[in-house]
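As C-alpha cells, the structure follows; a few thoughts come after it.
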Amino acid sequence: QVQLVESGGGSVQAGGSLRLSCAVSGAFYTGRCMGWFRQAPGKEREGVAIIRFGATTPYYADSAKGRFAISQDNGKQMMYLVMGSLKPEDTAMYYCAADRFPGALCGVTRLAGADFSYWGQGTQVTVSS
C-alpha cells in the first residue's frame, strides 16, 4: 500500500521561502505521475506543479511559474516543492498526489487533479503580509 506524507509547511512572511517534502512509502516505481496541489479555505483545490517520478520535466500552474520548483529523488522516494517569493495568496493546505500506475499522461492537464489515486494528508502553508 502506497502512502504519501507531506512535511515542511509553516508560517512565513511575504517574500520568504519554504521547501515542502513528500515522502512515499511502499513499493513505488518510476513512471508514475505525481504532483503538488493546494486548497485555501472556501476555495477549490488548485494544481500547483506536476512531474513524472523518475523524470525531470516539470509542469507548473501560472501562479507557480518562476517562483516554485518541483523535483523528485526516486532513490529516496521523495518529491519536493521549493517555494520562493511567497505571497499571502499562497496560503493554503498543500497536498502531494500520485498515480496508481506508471505511464499515464503527465502534463499540464493533470493540474486539474483528476485521476490521482494517492493523496497525502496535507501540510499547511501560511504567508503573512
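Note on naming: chains are A, B, ... as they come in the C-alpha cells, residues start from 1 per chain, ligands start from 1 in the order shown.
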
Give me the residues within 7 Å of range 68-79 of chain A as a list in words, counting only C-alpha atoms and dropping any in the same chain fewer than 3 places off.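 What passes the distance filter is Ser21, Cys22, Ala23, Val24, Ala49, Phe53, Gly54, Pro58, Ala64, Lys65, Val82, Met83 and Gly84 of chain A.
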
Which residues, written as a PDB file with N, CA, C and O atoms, in the first residue's frame, have at least one atom at most 8 Å from Arg100 in chain A, with only C-alpha atoms counted and residues fewer than 3 positions away on the same chain left out?
ATOM      1  N   ARG A  32       5.390   6.969 -12.646  1.00  0.00           N
ATOM      2  CA  ARG A  32       4.095   7.467 -12.193  1.00  0.00           C
ATOM      3  C   ARG A  32       4.081   8.990 -12.204  1.00  0.00           C
ATOM      4  O   ARG A  32       5.063   9.637 -11.873  1.00  0.00           O
ATOM      5  N   PHE A 116      -5.833  11.105  -9.785  1.00  0.00           N
ATOM      6  CA  PHE A 116      -4.739  10.715  -8.901  1.00  0.00           C
ATOM      7  C   PHE A 116      -5.305   9.792  -7.827  1.00  0.00           C
ATOM      8  O   PHE A 116      -6.303  10.093  -7.178  1.00  0.00           O
ATOM      9  N   SER A 117      -4.633   8.659  -7.632  1.00  0.00           N
ATOM     10  CA  SER A 117      -5.159   7.646  -6.720  1.00  0.00           C
ATOM     11  C   SER A 117      -4.724   7.847  -5.278  1.00  0.00           C
ATOM     12  O   SER A 117      -5.450   7.487  -4.356  1.00  0.00           O
ATOM     13  N   TYR A 118      -3.527   8.370  -5.089  1.00  0.00           N
ATOM     14  CA  TYR A 118      -2.983   8.508  -3.749  1.00  0.00           C
ATOM     15  C   TYR A 118      -2.828   9.988  -3.395  1.00  0.00           C
ATOM     16  O   TYR A 118      -2.333  10.772  -4.201  1.00  0.00           O
TER      17      TYR A 118
END

Applying 9 Å and only C-alpha atoms, which residues near Lys87 in chain A remain after dropping the ones on its own chain fewer than 2 positions away? List them as a PDB file with all heavy atoms, in the first residue's frame.
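Contents of the output file selection.pdb:
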ATOM      1  N   GLN A  13       6.767  35.086   6.287  1.00  0.00           N
ATOM      2  CA  GLN A  13       6.347  36.404   5.810  1.00  0.00           C
ATOM      3  C   GLN A  13       6.428  36.448   4.294  1.00  0.00           C
ATOM      4  O   GLN A  13       7.154  35.671   3.665  1.00  0.00           O
ATOM      5  CB  GLN A  13       7.238  37.482   6.423  1.00  0.00           C
ATOM      6  CG  GLN A  13       7.021  37.684   7.915  1.00  0.00           C
ATOM      7  CD  GLN A  13       7.739  38.911   8.436  1.00  0.00           C
ATOM      8  OE1 GLN A  13       8.809  39.253   7.958  1.00  0.00           O
ATOM      9  NE2 GLN A  13       7.148  39.564   9.429  1.00  0.00           N
ATOM     10  N   ALA A  14       5.663  37.351   3.737  1.00  0.00           N
ATOM     11  CA  ALA A  14       5.679  37.529   2.292  1.00  0.00           C
ATOM     12  C   ALA A  14       7.106  37.759   1.806  1.00  0.00           C
ATOM     13  O   ALA A  14       7.881  38.482   2.436  1.00  0.00           O
ATOM     14  CB  ALA A  14       4.797  38.705   1.895  1.00  0.00           C
ATOM     15  N   GLY A  15       7.435  37.108   0.704  1.00  0.00           N
ATOM     16  CA  GLY A  15       8.779  37.192   0.167  1.00  0.00           C
ATOM     17  C   GLY A  15       9.683  36.063   0.626  1.00  0.00           C
ATOM     18  O   GLY A  15      10.782  35.881   0.079  1.00  0.00           O
ATOM     19  N   GLY A  16       9.236  35.313   1.609  1.00  0.00           N
ATOM     20  CA  GLY A  16      10.024  34.218   2.142  1.00  0.00           C
ATOM     21  C   GLY A  16       9.950  32.960   1.310  1.00  0.00           C
ATOM     22  O   GLY A  16       9.315  32.931   0.247  1.00  0.00           O
ATOM     23  N   GLY A  84       9.426  30.012  -3.483  1.00  0.00           N
ATOM     24  CA  GLY A  84      10.090  31.273  -3.203  1.00  0.00           C
ATOM     25  C   GLY A  84       9.172  32.438  -3.513  1.00  0.00           C
ATOM     26  O   GLY A  84       8.123  32.285  -4.117  1.00  0.00           O
ATOM     27  N   SER A  85       9.602  33.620  -3.063  1.00  0.00           N
ATOM     28  CA  SER A  85       8.812  34.843  -3.282  1.00  0.00           C
ATOM     29  C   SER A  85       7.360  34.623  -2.887  1.00  0.00           C
ATOM     30  O   SER A  85       6.437  34.976  -3.629  1.00  0.00           O
ATOM     31  CB  SER A  85       8.917  35.282  -4.744  1.00  0.00           C
ATOM     32  OG  SER A  85      10.256  35.513  -5.114  1.00  0.00           O
ATOM     33  N   GLU A  89      -1.439  35.174  -0.909  1.00  0.00           N
ATOM     34  CA  GLU A  89      -2.391  34.333  -1.661  1.00  0.00           C
ATOM     35  C   GLU A  89      -1.890  32.905  -1.868  1.00  0.00           C
ATOM     36  O   GLU A  89      -2.638  32.060  -2.364  1.00  0.00           O
ATOM     37  CB  GLU A  89      -2.733  34.970  -3.012  1.00  0.00           C
ATOM     38  CG  GLU A  89      -1.549  35.380  -3.853  1.00  0.00           C
ATOM     39  CD  GLU A  89      -1.199  36.868  -3.687  1.00  0.00           C
ATOM     40  OE1 GLU A  89      -1.198  37.350  -2.533  1.00  0.00           O
ATOM     41  OE2 GLU A  89      -0.917  37.515  -4.711  1.00  0.00           O
ATOM     42  N   ASP A  90      -0.658  32.612  -1.458  1.00  0.00           N
ATOM     43  CA  ASP A  90      -0.163  31.235  -1.492  1.00  0.00           C
ATOM     44  C   ASP A  90      -0.585  30.460  -0.254  1.00  0.00           C
ATOM     45  O   ASP A  90      -0.343  29.251  -0.159  1.00  0.00           O
ATOM     46  CB  ASP A  90       1.373  31.219  -1.588  1.00  0.00           C
ATOM     47  CG  ASP A  90       1.881  31.774  -2.896  1.00  0.00           C
ATOM     48  OD1 ASP A  90       1.307  31.443  -3.949  1.00  0.00           O
ATOM     49  OD2 ASP A  90       2.878  32.525  -2.872  1.00  0.00           O
ATOM     50  N   THR A  91      -1.192  31.137   0.695  1.00  0.00           N
ATOM     51  CA  THR A  91      -1.654  30.478   1.910  1.00  0.00           C
ATOM     52  C   THR A  91      -2.691  29.412   1.584  1.00  0.00           C
ATOM     53  O   THR A  91      -3.698  29.691   0.935  1.00  0.00           O
ATOM     54  CB  THR A  91      -2.258  31.507   2.882  1.00  0.00           C
ATOM     55  OG1 THR A  91      -1.220  32.407   3.305  1.00  0.00           O
ATOM     56  CG2 THR A  91      -2.861  30.831   4.101  1.00  0.00           C
ATOM     57  N   VAL A 127       1.229  32.433   4.719  1.00  0.00           N
ATOM     58  CA  VAL A 127       2.108  33.547   4.346  1.00  0.00           C
ATOM     59  C   VAL A 127       1.465  34.836   4.823  1.00  0.00           C
ATOM     60  O   VAL A 127       0.343  35.158   4.425  1.00  0.00           O
ATOM     61  CB  VAL A 127       2.338  33.589   2.832  1.00  0.00           C
ATOM     62  CG1 VAL A 127       3.344  34.696   2.487  1.00  0.00           C
ATOM     63  CG2 VAL A 127       2.835  32.241   2.321  1.00  0.00           C
ATOM     64  N   SER A 128       2.167  35.560   5.662  1.00  0.00           N
ATOM     65  CA  SER A 128       1.635  36.809   6.200  1.00  0.00           C
ATOM     66  C   SER A 128       2.246  38.002   5.465  1.00  0.00           C
ATOM     67  O   SER A 128       3.385  37.958   5.014  1.00  0.00           O
ATOM     68  CB  SER A 128       1.924  36.906   7.691  1.00  0.00           C
ATOM     69  OG  SER A 128       3.316  36.824   7.929  1.00  0.00           O
ATOM     70  N   SER A 129       1.462  39.068   5.399  1.00  0.00           N
ATOM     71  CA  SER A 129       1.923  40.254   4.673  1.00  0.00           C
ATOM     72  C   SER A 129       2.698  41.186   5.574  1.00  0.00           C
ATOM     73  O   SER A 129       2.715  41.025   6.786  1.00  0.00           O
ATOM     74  CB  SER A 129       0.727  40.978   4.070  1.00  0.00           C
ATOM     75  OG  SER A 129      -0.185  41.325   5.084  1.00  0.00           O
TER      76      SER A 129
END

Looking at A:Val5, A:Ala114, A:Leu86, A:Ser63, which one is nearest to Asp99 in chain A, with distances taken over only C-alpha atoms?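 Among A:Val5, A:Ala114, A:Leu86, A:Ser63, it is A:Ala114 that comes nearest to Asp99 in chain A.
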
Interatomic distance, CA of Met34 in chain A to CA of Arg52 in chain A (Å, one decimal):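 For CA of Met34 in chain A relative to CA of Arg52 in chain A, the distance reads 5.8 Å.
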
Please, what distance in Å, to one decimal, runs between CA of Leu18 in chain A and CA of Ile51 in chain A?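 We find that CA of Leu18 in chain A and CA of Ile51 in chain A lie 18.8 Å from each other.
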
Quick one, how far is CA of Pro102 in chain A from CA of Glu44 in chain A?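 A separation of 26.9 Å between them.
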
So, with only C-alpha atoms as the atoms that count, which of A:Ala92, A:Thr126, A:Ala97, A:Trp119 lies closest to Gly42 in chain A?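 Ranking A:Ala92, A:Thr126, A:Ala97, A:Trp119 by distance to Gly42 in chain A, first place goes to A:Ala92.
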
Write out as a list of chain:residue names each polymer residue whose atoms come within 7 Å of Gly107 in chain A, counting only C-alpha atoms; drop sequence neighbours fewer than 2 positions from it.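 With the cut-off at 7 Å, the set is A:Ile50, A:Tyr59, A:Leu105, A:Thr109, A:Arg110.
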
From a backbone DSSP assignment, name each residue in chain A labelled strand (DSSP E), as an MDAnalysis selection string. chainID A and resid 3:7 10:13 18:25 33:39 46:52 58:60 68:73 78:83 92:98 118:119 123:128

May I have the selected residues written with C-alpha atoms, as a compact mmCIF listing (two decimals), in the first residue's frame?
# COMPACT_ATOMS: atom_id res chain seq x y z
CA GLN A 3 1.26 6.22 1.39
CA LEU A 4 2.24 9.85 0.92
CA VAL A 5 3.29 12.07 3.81
CA GLU A 6 3.90 15.78 3.39
CA SER A 7 6.09 17.93 5.61
CA GLY A 10 4.85 26.58 8.22
CA SER A 11 4.31 30.29 8.65
CA VAL A 12 6.46 32.76 6.74
CA GLN A 13 6.35 36.40 5.81
CA LEU A 18 9.70 27.15 2.12
CA ARG A 19 10.56 23.66 0.94
CA LEU A 20 7.82 21.08 1.10
CA SER A 21 8.64 17.38 1.07
CA CYS A 22 6.52 14.39 0.15
CA ALA A 23 7.74 11.03 1.43
CA VAL A 24 6.48 7.99 -0.43
CA SER A 25 6.24 4.70 1.41
CA CYS A 33 2.77 10.99 -12.46
CA MET A 34 2.95 13.00 -9.24
CA GLY A 35 2.02 16.50 -8.28
CA TRP A 36 1.51 19.19 -5.71
CA PHE A 37 -1.91 20.71 -5.12
CA ARG A 38 -3.27 23.27 -2.71
CA GLN A 39 -6.58 24.31 -1.26
CA GLU A 46 -5.76 24.09 -7.33
CA GLY A 47 -2.95 22.30 -9.11
CA VAL A 48 0.49 23.77 -8.48
CA ALA A 49 3.07 21.55 -10.19
CA ILE A 50 3.36 18.15 -11.90
CA ILE A 51 6.29 15.83 -12.53
CA ARG A 52 6.75 12.22 -13.57
CA PRO A 58 8.11 19.76 -14.66
CA TYR A 59 4.82 21.47 -15.42
CA TYR A 60 3.53 24.44 -13.46
CA PHE A 68 8.16 27.40 -7.35
CA ALA A 69 10.25 24.40 -8.35
CA ILE A 70 9.14 20.78 -8.21
CA SER A 71 11.67 17.96 -8.08
CA GLN A 72 11.93 14.34 -7.14
CA ASP A 73 14.51 11.87 -5.89
CA MET A 78 10.80 11.76 -2.22
CA MET A 79 9.19 14.66 -4.03
CA TYR A 80 9.83 18.29 -3.21
CA LEU A 81 8.34 21.71 -3.82
CA VAL A 82 10.63 24.67 -3.26
CA MET A 83 8.56 27.81 -2.97
CA ALA A 92 -3.31 27.06 1.71
CA MET A 93 -3.09 23.42 2.67
CA TYR A 94 -0.65 21.76 0.29
CA TYR A 95 -1.08 18.16 -0.78
CA CYS A 96 1.02 15.74 -2.79
CA ALA A 97 -0.63 13.21 -5.03
CA ALA A 98 0.42 10.25 -7.15
CA TYR A 118 -2.98 8.51 -3.75
CA TRP A 119 -3.12 11.69 -1.66
CA THR A 123 0.81 20.42 5.17
CA GLN A 124 -0.28 23.97 5.98
CA VAL A 125 1.47 26.96 4.48
CA THR A 126 0.62 30.39 5.85
CA VAL A 127 2.11 33.55 4.35
CA SER A 128 1.64 36.81 6.20

Name the residues of range 57-118 of chain A that fall into helix (DSSP H, G or I) according to DSSP on the backbone, using the chain letters and numbers of this document, as number ranges by chain. A: 88-90, 108-112
